[in-house]
$ cat upload_26.cif   # mmCIF, C-alpha atoms
data_data
loop_
_atom_site.label_atom_id
_atom_site.label_comp_id
_atom_site.auth_asym_id
_atom_site.auth_seq_id
_atom_site.Cartn_x
_atom_site.Cartn_y
_atom_site.Cartn_z
CA MET A 1 -25.24 28.67 8.04
CA ASN A 2 -26.48 31.99 6.72
CA LEU A 3 -25.75 31.77 3.00
CA VAL A 4 -26.42 35.47 2.41
CA GLU A 5 -23.71 36.48 4.88
CA PHE A 6 -21.38 33.76 3.59
CA TYR A 7 -21.62 34.88 -0.04
CA ASP A 8 -21.44 38.56 0.85
CA ALA A 9 -18.08 37.77 2.42
CA TYR A 10 -17.14 35.53 -0.51
CA TRP A 11 -17.80 38.18 -3.15
CA ARG A 12 -15.98 40.86 -1.16
CA GLN A 13 -12.73 38.97 -1.67
CA ALA A 14 -13.32 37.14 -5.01
CA ASP A 15 -12.42 38.85 -8.27
CA ASP A 16 -14.00 38.53 -11.73
CA THR A 17 -11.86 35.56 -12.78
CA PHE A 18 -14.13 32.95 -14.40
CA ASP A 19 -13.84 30.07 -16.84
CA MET A 20 -14.60 32.17 -19.91
CA LYS A 21 -14.84 29.16 -22.23
CA ARG A 22 -17.60 27.75 -20.03
CA LEU A 23 -19.39 31.09 -19.90
CA ASP A 24 -19.20 31.30 -23.69
CA LEU A 25 -21.05 27.96 -23.97
CA ILE A 26 -24.00 29.78 -22.42
CA ALA A 27 -23.60 33.29 -23.85
CA ARG A 28 -23.41 32.12 -27.46
CA ARG A 29 -26.81 30.46 -27.06
CA VAL A 30 -28.44 33.80 -26.24
CA GLY A 31 -29.49 36.06 -29.09
CA SER A 32 -30.09 39.74 -29.64
CA GLY A 33 -33.43 41.03 -28.40
CA GLU A 34 -34.07 38.19 -25.96
CA LYS A 35 -35.39 39.08 -22.55
CA VAL A 36 -33.08 37.11 -20.27
CA LEU A 37 -33.05 36.44 -16.55
CA GLU A 38 -29.88 35.12 -14.92
CA VAL A 39 -30.70 33.68 -11.50
CA ASP A 40 -27.81 33.91 -9.03
CA CYS A 41 -25.76 36.02 -11.42
CA GLY A 42 -22.86 36.67 -9.06
CA PRO A 43 -20.92 39.82 -10.01
CA GLY A 44 -22.50 39.91 -13.46
CA VAL A 45 -19.70 38.63 -15.70
CA LEU A 46 -21.90 36.27 -17.75
CA ALA A 47 -24.80 38.73 -17.63
CA LYS A 48 -22.54 41.37 -19.19
CA MET A 49 -21.48 38.93 -21.93
CA MET A 50 -25.12 38.24 -22.79
CA GLN A 51 -25.95 41.94 -22.70
CA GLU A 52 -23.12 42.64 -25.14
CA ARG A 53 -24.73 40.14 -27.51
CA GLY A 54 -27.84 42.32 -27.56
CA ALA A 55 -29.95 40.60 -24.92
CA GLN A 56 -31.99 42.51 -22.36
CA VAL A 57 -30.58 41.02 -19.16
CA THR A 58 -31.92 41.06 -15.62
CA GLY A 59 -30.05 39.42 -12.75
CA THR A 60 -30.72 38.25 -9.23
CA ASP A 61 -28.37 37.03 -6.53
CA LEU A 62 -28.66 36.22 -2.85
CA SER A 63 -25.61 38.41 -2.13
CA ILE A 64 -26.09 42.17 -2.10
CA VAL A 65 -22.34 42.53 -2.67
CA ALA A 66 -22.64 40.52 -5.88
CA VAL A 67 -25.72 42.51 -6.90
CA GLU A 68 -23.85 45.79 -6.43
CA ARG A 69 -20.97 44.51 -8.57
CA ALA A 70 -23.39 43.42 -11.30
CA ARG A 71 -25.09 46.82 -11.22
CA ALA A 72 -21.70 48.46 -11.63
CA LYS A 73 -21.42 46.58 -14.94
CA GLY A 74 -24.73 48.04 -16.11
CA ILE A 75 -26.87 45.01 -15.25
CA SER A 76 -30.33 45.48 -13.76
CA ALA A 77 -29.98 43.28 -10.68
CA GLN A 78 -31.63 42.76 -7.32
CA GLN A 79 -31.09 40.72 -4.18
CA VAL A 80 -33.23 37.56 -3.93
CA ASP A 81 -32.66 34.38 -1.92
CA VAL A 82 -34.39 31.75 -4.04
CA ASP A 83 -34.14 29.22 -1.21
CA THR A 84 -36.58 31.30 0.84
CA GLU A 85 -38.22 33.79 -1.57
CA PRO A 86 -40.00 33.60 -4.92
CA LEU A 87 -38.41 35.42 -7.81
CA PRO A 88 -39.99 38.91 -7.90
CA PHE A 89 -41.34 38.53 -11.43
CA ALA A 90 -44.68 37.53 -12.88
CA ASP A 91 -45.25 34.15 -14.46
CA ALA A 92 -44.01 33.85 -18.06
CA SER A 93 -41.91 37.03 -17.96
CA PHE A 94 -38.73 35.97 -19.77
CA ASP A 95 -37.71 34.48 -23.12
CA THR A 96 -34.70 32.78 -21.56
CA VAL A 97 -33.73 31.92 -17.99
CA VAL A 98 -30.10 31.13 -17.21
CA SER A 99 -28.59 29.42 -14.18
CA ASN A 100 -24.81 29.21 -14.34
CA SER A 101 -23.20 26.79 -11.89
CA MET A 102 -25.14 28.08 -8.89
CA ILE A 103 -27.94 25.62 -8.05
CA GLU A 104 -25.37 23.27 -6.52
CA HIS A 105 -24.78 25.97 -3.89
CA ARG A 106 -28.44 25.98 -2.85
CA PHE A 107 -30.15 24.05 -0.04
CA PHE A 108 -33.35 23.53 -2.04
CA PRO A 109 -32.44 23.03 -5.72
CA LYS A 110 -35.92 21.89 -6.76
CA ARG A 111 -37.26 25.25 -5.61
CA SER A 112 -34.73 26.96 -7.90
CA PHE A 113 -35.90 24.84 -10.84
CA ASP A 114 -39.54 25.59 -10.01
CA GLU A 115 -38.99 29.34 -9.91
CA CYS A 116 -36.89 29.41 -13.07
CA VAL A 117 -39.61 27.56 -14.98
CA ARG A 118 -42.43 29.67 -13.51
CA VAL A 119 -41.03 32.95 -14.85
CA LEU A 120 -40.18 31.43 -18.26
CA LYS A 121 -42.52 32.09 -21.17
CA PRO A 122 -44.11 29.14 -22.99
CA GLY A 123 -41.67 28.32 -25.76
CA GLY A 124 -38.85 29.97 -23.83
CA ARG A 125 -35.55 28.30 -23.01
CA PHE A 126 -34.00 27.33 -19.70
CA ILE A 127 -30.20 27.10 -19.86
CA VAL A 128 -28.63 25.50 -16.80
CA CYS A 129 -24.97 24.74 -16.17
CA LEU A 130 -23.93 22.45 -13.32
CA PRO A 131 -20.84 20.52 -12.17
CA ASN A 132 -20.90 16.89 -13.24
CA ILE A 133 -20.67 14.51 -10.29
CA ALA A 134 -20.74 11.60 -12.79
CA HIS A 135 -17.44 12.71 -14.36
CA TRP A 136 -15.23 9.65 -14.90
CA LEU A 137 -12.78 10.81 -12.23
CA CYS A 138 -15.57 11.11 -9.66
CA ARG A 139 -16.82 7.67 -10.65
CA TRP A 140 -13.31 6.28 -10.17
CA TRP A 141 -13.08 7.83 -6.73
CA VAL A 142 -16.32 6.17 -5.63
CA VAL A 143 -15.38 2.80 -7.15
CA THR A 144 -12.13 2.90 -5.18
CA GLY A 145 -13.95 3.82 -1.97
CA ARG A 146 -13.15 7.53 -1.93
CA PHE A 147 -15.01 10.85 -2.07
CA PRO A 148 -12.36 13.56 -1.71
CA TYR A 149 -13.38 17.20 -1.59
CA VAL A 150 -11.20 18.71 -4.31
CA GLU A 151 -11.13 22.44 -4.99
CA ASN A 152 -12.55 23.47 -8.37
CA SER A 153 -13.97 20.01 -8.98
CA PRO A 154 -17.54 18.66 -8.87
CA THR A 155 -16.82 17.78 -5.21
CA ASP A 156 -15.69 21.31 -4.28
CA VAL A 157 -16.43 21.95 -0.61
CA LEU A 158 -18.69 24.87 -1.56
CA HIS A 159 -21.10 22.50 -3.32
CA ILE A 160 -23.93 21.31 -1.10
CA ARG A 161 -25.92 19.47 -3.79
CA PHE A 162 -24.72 17.19 -6.60
CA PHE A 163 -26.06 16.54 -10.11
CA THR A 164 -25.72 14.33 -13.17
CA VAL A 165 -26.92 14.99 -16.71
CA SER A 166 -29.59 12.31 -16.35
CA GLU A 167 -31.00 13.80 -13.16
CA VAL A 168 -31.14 17.32 -14.58
CA LYS A 169 -32.97 16.05 -17.64
CA GLU A 170 -35.52 14.43 -15.32
CA LEU A 171 -35.87 17.65 -13.29
CA CYS A 172 -36.54 19.57 -16.50
CA GLN A 173 -38.99 17.07 -17.96
CA ALA A 174 -40.95 16.91 -14.70
CA ARG A 175 -41.54 20.66 -15.03
CA GLY A 176 -42.79 20.68 -18.59
CA LEU A 177 -39.45 21.33 -20.26
CA ARG A 178 -38.32 19.50 -23.39
CA VAL A 179 -34.55 18.99 -23.43
CA LEU A 180 -33.07 20.30 -26.69
CA GLU A 181 -29.36 19.70 -26.22
CA VAL A 182 -26.61 18.93 -23.76
CA ASP A 183 -23.09 20.32 -24.06
CA GLY A 184 -20.05 20.01 -21.85
CA SER A 185 -17.03 22.00 -20.72
CA ALA A 186 -13.83 20.13 -19.93
CA SER A 187 -12.65 22.96 -17.63
CA LEU A 188 -9.07 21.77 -17.93
CA TRP A 189 -7.81 24.79 -15.98
CA ALA A 190 -8.82 22.86 -12.82
CA LYS A 191 -5.31 21.55 -12.18
CA ASP A 192 -6.14 20.05 -8.78
CA PHE A 193 -8.79 17.89 -10.45
CA TYR A 194 -7.23 16.65 -13.68
CA PRO A 195 -4.06 14.57 -14.06
CA ALA A 196 -1.24 16.53 -15.70
CA LEU A 197 -1.23 14.27 -18.76
CA ILE A 198 -4.84 15.15 -19.67
CA ARG A 199 -4.08 18.84 -19.24
CA SER A 200 -1.00 18.60 -21.46
CA ARG A 201 -0.86 20.38 -24.81
CA ARG A 202 -0.82 17.02 -26.57
CA LEU A 203 -4.15 15.82 -25.14
CA ARG A 204 -6.12 18.90 -24.11
CA GLY A 205 -7.69 19.49 -27.54
CA PHE A 206 -8.77 15.87 -27.86
CA TYR A 207 -10.13 15.78 -24.32
CA THR A 208 -12.08 19.01 -24.89
CA LYS A 209 -13.79 17.35 -27.86
CA LEU A 210 -14.68 14.37 -25.68
CA ALA A 211 -16.31 16.72 -23.14
CA HIS A 212 -18.48 18.26 -25.88
CA ARG A 213 -19.37 14.90 -27.41
CA TRP A 214 -20.03 12.93 -24.22
CA PRO A 215 -20.57 15.49 -21.45
CA ALA A 216 -22.16 13.01 -19.05
CA LEU A 217 -18.82 11.20 -18.75
CA PHE A 218 -16.04 13.60 -19.70
CA ALA A 219 -17.26 17.16 -18.88
CA ARG A 220 -16.44 18.74 -15.56
CA ASP A 221 -19.43 21.05 -16.17
CA PHE A 222 -22.43 20.30 -18.37
CA VAL A 223 -24.95 22.65 -19.97
CA VAL A 224 -28.54 21.56 -20.50
CA VAL A 225 -30.78 23.60 -22.81
CA ALA A 226 -34.51 22.93 -22.52
CA ARG A 227 -37.63 24.55 -23.95
CA LYS A 228 -40.81 25.19 -22.00
CA VAL A 229 -43.63 23.32 -23.72
CA GLY A 230 -46.41 25.50 -25.01
CA ASP A 231 -45.77 26.98 -28.45
CA SER A 232 -45.52 25.92 -32.07
CA HIS A 233 -41.99 24.63 -31.57
CA ASP A 234 -43.47 21.79 -29.52
CA ALA A 235 -46.27 20.81 -31.86
#
$ encode --input "upload_26.cif" --output "structure tokens"
Amino acid sequence: MNLVEFYDAYWRQADDTFDMKRLDLIARRVGSGEKVLEVDCGPGVLAKMMQERGAQVTGTDLSIVAVERARAKGISAQQVDVDTEPLPFADASFDTVVSNSMIEHRFFPKRSFDECVRVLKPGGRFIVCLPNIAHWLCRWWVVTGRFPYVENSPTDVLHIRFFTVSEVKELCQARGLRVLEVDGSASLWAKDFYPALIRSRRLRGFYTKLAHRWPALFARDFVVVARKVGDSHDA
């Protein structure tokens, strides 16, 4: 499959509807004045949120359609297929590198991690958000001998690679990153994934707290924040 052609077609028909609570988990961790790269930025919705917080944001995406939509929002963006090309930036170019729920769509996720870390400054932060294949519902499916492909879940048919919190921590640590924190998004809007009771008004607030407190088990999407070893913060 040609992923560039696939995601050009995808972004021609997809709108700017995103899980804004999940995006806010990332955007609020970015401060004014930071030089930020978002790899695989899509149409630039998160990039725009970070820019509005005062960050200097650059984006890349494998889809030229997505890049054009990001540029229309005022984001400096260019087309790059990280599966086959290096990021077109020098080593240690950015204060923060962000990857928002995109590495699971890549054939070679380790290459994405390598490139994100390469362009990150020593002392800089890598913020990565990924669907949680170790969510308790996914665990239950496997225990009962199932692995259904459910839309808007960690097993969404568009996902070609799968991740847990533990594995992402290991991927970060193997590349000289020190994990600072892990957060989680319940993503309760995913009605085809969650039972109606959990999504009910009575339980949704409680379940959202569980996803923040124990993301490895209860979050549909987890966010890992890690710092590149090499400055006084790591002494």
$ residues_around --input "upload_26.cif" --residues "Thr84 of chain A" --least-positions-apart "6" --cutoff "12 Å" --atoms "all atoms listed in the file" --output "number ranges by chain"
A: 2-4, 62, 106-109, 111-112, 115
$ write_last_selection --input "upload_26.cif" --atoms "C-alpha atoms" --output "mmCIF file, in the coordinates of the input"
data_model
loop_
_atom_site.group_PDB
_atom_site.id
_atom_site.type_symbol
_atom_site.label_atom_id
_atom_site.label_comp_id
_atom_site.auth_asym_id
_atom_site.auth_seq_id
_atom_site.Cartn_x
_atom_site.Cartn_y
_atom_site.Cartn_z
ATOM 1 C CA ASN A 2 -26.480 31.990 6.720
ATOM 2 C CA LEU A 3 -25.750 31.770 3.000
ATOM 3 C CA VAL A 4 -26.420 35.470 2.410
ATOM 4 C CA LEU A 62 -28.660 36.220 -2.850
ATOM 5 C CA ARG A 106 -28.440 25.980 -2.850
ATOM 6 C CA PHE A 107 -30.150 24.050 -0.040
ATOM 7 C CA PHE A 108 -33.350 23.530 -2.040
ATOM 8 C CA PRO A 109 -32.440 23.030 -5.720
ATOM 9 C CA ARG A 111 -37.260 25.250 -5.610
ATOM 10 C CA SER A 112 -34.730 26.960 -7.900
ATOM 11 C CA GLU A 115 -38.990 29.340 -9.910
#
$ atom_distance --input "upload_26.cif" --atom1 "atom CA of Val65 of chain A" --atom2 "atom CA of Cys129 of chain A"
22.5 Å
$ atom_distance --input "upload_26.cif" --atom1 "atom CA of Val128 of chain A" --atom2 "atom CA of Glu104 of chain A"
11.0 Å
$ atom_distance --input "upload_26.cif" --atom1 "atom CA of Tyr7 of chain A" --atom2 "atom CA of His135 of chain A"
26.7 Å
$ residues_around --input "upload_26.cif" --residues "Ala55 of chain A" --least-positions-apart "4" --cutoff "12 Å" --atoms "only C-alpha atoms" --output "PDB file with C-alpha atoms, in the coordinates of the input"
ATOM      1  CA  ALA A  27     -23.600  33.290 -23.850  1.00  0.00           C
ATOM      2  CA  ARG A  28     -23.410  32.120 -27.460  1.00  0.00           C
ATOM      3  CA  ARG A  29     -26.810  30.460 -27.060  1.00  0.00           C
ATOM      4  CA  VAL A  30     -28.440  33.800 -26.240  1.00  0.00           C
ATOM      5  CA  GLY A  31     -29.490  36.060 -29.090  1.00  0.00           C
ATOM      6  CA  SER A  32     -30.090  39.740 -29.640  1.00  0.00           C
ATOM      7  CA  GLY A  33     -33.430  41.030 -28.400  1.00  0.00           C
ATOM      8  CA  GLU A  34     -34.070  38.190 -25.960  1.00  0.00           C
ATOM      9  CA  LYS A  35     -35.390  39.080 -22.550  1.00  0.00           C
ATOM     10  CA  VAL A  36     -33.080  37.110 -20.270  1.00  0.00           C
ATOM     11  CA  LEU A  37     -33.050  36.440 -16.550  1.00  0.00           C
ATOM     12  CA  GLU A  38     -29.880  35.120 -14.920  1.00  0.00           C
ATOM     13  CA  LEU A  46     -21.900  36.270 -17.750  1.00  0.00           C
ATOM     14  CA  ALA A  47     -24.800  38.730 -17.630  1.00  0.00           C
ATOM     15  CA  LYS A  48     -22.540  41.370 -19.190  1.00  0.00           C
ATOM     16  CA  MET A  49     -21.480  38.930 -21.930  1.00  0.00           C
ATOM     17  CA  MET A  50     -25.120  38.240 -22.790  1.00  0.00           C
ATOM     18  CA  GLN A  51     -25.950  41.940 -22.700  1.00  0.00           C
ATOM     19  CA  ILE A  75     -26.870  45.010 -15.250  1.00  0.00           C
ATOM     20  CA  PHE A  94     -38.730  35.970 -19.770  1.00  0.00           C
ATOM     21  CA  ASP A  95     -37.710  34.480 -23.120  1.00  0.00           C
ATOM     22  CA  THR A  96     -34.700  32.780 -21.560  1.00  0.00           C
ATOM     23  CA  VAL A  97     -33.730  31.920 -17.990  1.00  0.00           C
TER      24      VAL A  97
END
$ closest_residue --input "upload_26.cif" --among "A:Ser93, A:Ser166, A:Gln173, A:Asn100" --to "Val45 of chain A" --atoms "only C-alpha atoms"
A:Asn100
$ closest_residue --input "upload_26.cif" --among "A:Thr144, A:Cys116, A:Arg22, A:Val39" --to "Thr208 of chain A" --atoms "all atoms listed in the file"
A:Arg22
$ closest_residue --input "upload_26.cif" --among "A:Lys209, A:Arg69, A:Arg220, A:Arg227" --to "Ala190 of chain A" --atoms "all atoms listed in the file"
A:Arg220
$ resolve_selection --input "upload_26.cif" --expression "the PyMOL selection byres ((chain A and resi 117) around 8)" --output "list in words"
Val97, Phe113, Asp114, Glu115, Cys116, Arg118, Val119, Leu120, Phe126, Arg175 and Lys228 of chain A
$ axis_aligned_box --input "upload_26.cif" --around "segment 141-154 of chain A" --padding-each-side "8 Å" --output "lines of an AutoDock Vina configuration file"
center_x = -14.3
center_y = 13.1
center_z = -5.3
size_x = 22.4
size_y = 36.7
size_z = 23.4
$ build_atoms --input "upload_26.cif" --residues "segment 125-150 of chain A" --atoms "N, CA and C atoms" --output "mmCIF file, in the frame of the given file"
data_model
loop_
_atom_site.group_PDB
_atom_site.id
_atom_site.type_symbol
_atom_site.label_atom_id
_atom_site.label_comp_id
_atom_site.auth_asym_id
_atom_site.auth_seq_id
_atom_site.Cartn_x
_atom_site.Cartn_y
_atom_site.Cartn_z
ATOM 1 N N ARG A 125 -36.594 29.265 -23.294
ATOM 2 C CA ARG A 125 -35.550 28.300 -23.010
ATOM 3 C C ARG A 125 -34.955 28.489 -21.612
ATOM 4 N N PHE A 126 -34.711 27.369 -20.980
ATOM 5 C CA PHE A 126 -34.000 27.330 -19.700
ATOM 6 C C PHE A 126 -32.609 26.767 -19.992
ATOM 7 N N ILE A 127 -31.580 27.527 -19.654
ATOM 8 C CA ILE A 127 -30.200 27.100 -19.860
ATOM 9 C C ILE A 127 -29.547 26.971 -18.488
ATOM 10 N N VAL A 128 -29.178 25.752 -18.134
ATOM 11 C CA VAL A 128 -28.630 25.500 -16.800
ATOM 12 C C VAL A 128 -27.284 24.802 -16.928
ATOM 13 N N CYS A 129 -26.303 25.317 -16.220
ATOM 14 C CA CYS A 129 -24.970 24.740 -16.170
ATOM 15 C C CYS A 129 -24.696 24.263 -14.752
ATOM 16 N N LEU A 130 -24.190 23.032 -14.631
ATOM 17 C CA LEU A 130 -23.930 22.450 -13.320
ATOM 18 C C LEU A 130 -22.674 21.586 -13.369
ATOM 19 N N PRO A 131 -21.980 21.450 -12.226
ATOM 20 C CA PRO A 131 -20.840 20.520 -12.170
ATOM 21 C C PRO A 131 -21.332 19.077 -12.286
ATOM 22 N N ASN A 132 -20.515 18.253 -12.905
ATOM 23 C CA ASN A 132 -20.900 16.890 -13.240
ATOM 24 C C ASN A 132 -20.330 15.890 -12.249
ATOM 25 N N ILE A 133 -21.147 15.458 -11.293
ATOM 26 C CA ILE A 133 -20.670 14.510 -10.290
ATOM 27 C C ILE A 133 -20.456 13.121 -10.883
ATOM 28 N N ALA A 134 -20.948 12.892 -12.118
ATOM 29 C CA ALA A 134 -20.740 11.600 -12.790
ATOM 30 C C ALA A 134 -19.526 11.626 -13.717
ATOM 31 N N HIS A 135 -18.703 12.661 -13.627
ATOM 32 C CA HIS A 135 -17.440 12.710 -14.360
ATOM 33 C C HIS A 135 -16.653 11.425 -14.077
ATOM 34 N N TRP A 136 -15.910 10.949 -15.055
ATOM 35 C CA TRP A 136 -15.230 9.650 -14.900
ATOM 36 C C TRP A 136 -14.280 9.625 -13.710
ATOM 37 N N LEU A 137 -13.670 10.778 -13.393
ATOM 38 C CA LEU A 137 -12.780 10.810 -12.230
ATOM 39 C C LEU A 137 -13.566 10.636 -10.931
ATOM 40 N N CYS A 138 -14.727 11.271 -10.853
ATOM 41 C CA CYS A 138 -15.570 11.110 -9.660
ATOM 42 C C CYS A 138 -16.057 9.665 -9.537
ATOM 43 N N ARG A 139 -16.409 9.065 -10.672
ATOM 44 C CA ARG A 139 -16.820 7.670 -10.650
ATOM 45 C C ARG A 139 -15.678 6.775 -10.150
ATOM 46 N N TRP A 140 -14.469 7.068 -10.599
ATOM 47 C CA TRP A 140 -13.310 6.280 -10.170
ATOM 48 C C TRP A 140 -13.088 6.429 -8.666
ATOM 49 N N TRP A 141 -13.222 7.631 -8.174
ATOM 50 C CA TRP A 141 -13.080 7.830 -6.730
ATOM 51 C C TRP A 141 -14.049 6.937 -5.950
ATOM 52 N N VAL A 142 -15.313 6.947 -6.357
ATOM 53 C CA VAL A 142 -16.320 6.170 -5.630
ATOM 54 C C VAL A 142 -16.036 4.670 -5.747
ATOM 55 N N VAL A 143 -15.679 4.214 -6.951
ATOM 56 C CA VAL A 143 -15.380 2.800 -7.150
ATOM 57 C C VAL A 143 -14.231 2.357 -6.246
ATOM 58 N N THR A 144 -13.274 3.242 -6.022
ATOM 59 C CA THR A 144 -12.130 2.900 -5.180
ATOM 60 C C THR A 144 -12.339 3.275 -3.720
ATOM 61 N N GLY A 145 -13.612 3.574 -3.368
ATOM 62 C CA GLY A 145 -13.950 3.820 -1.970
ATOM 63 C C GLY A 145 -13.581 5.179 -1.450
ATOM 64 N N ARG A 146 -13.556 6.173 -2.331
ATOM 65 C CA ARG A 146 -13.150 7.530 -1.930
ATOM 66 C C ARG A 146 -14.203 8.549 -2.342
ATOM 67 N N PHE A 147 -14.229 9.688 -1.657
ATOM 68 C CA PHE A 147 -15.010 10.850 -2.070
ATOM 69 C C PHE A 147 -14.287 12.093 -1.569
ATOM 70 N N PRO A 148 -13.138 12.407 -2.177
ATOM 71 C CA PRO A 148 -12.360 13.560 -1.710
ATOM 72 C C PRO A 148 -13.009 14.876 -2.114
ATOM 73 N N TYR A 149 -12.904 15.862 -1.252
ATOM 74 C CA TYR A 149 -13.380 17.200 -1.590
ATOM 75 C C TYR A 149 -12.214 17.961 -2.211
ATOM 76 N N VAL A 150 -12.293 18.129 -3.540
ATOM 77 C CA VAL A 150 -11.200 18.710 -4.310
ATOM 78 C C VAL A 150 -11.629 20.077 -4.815
#
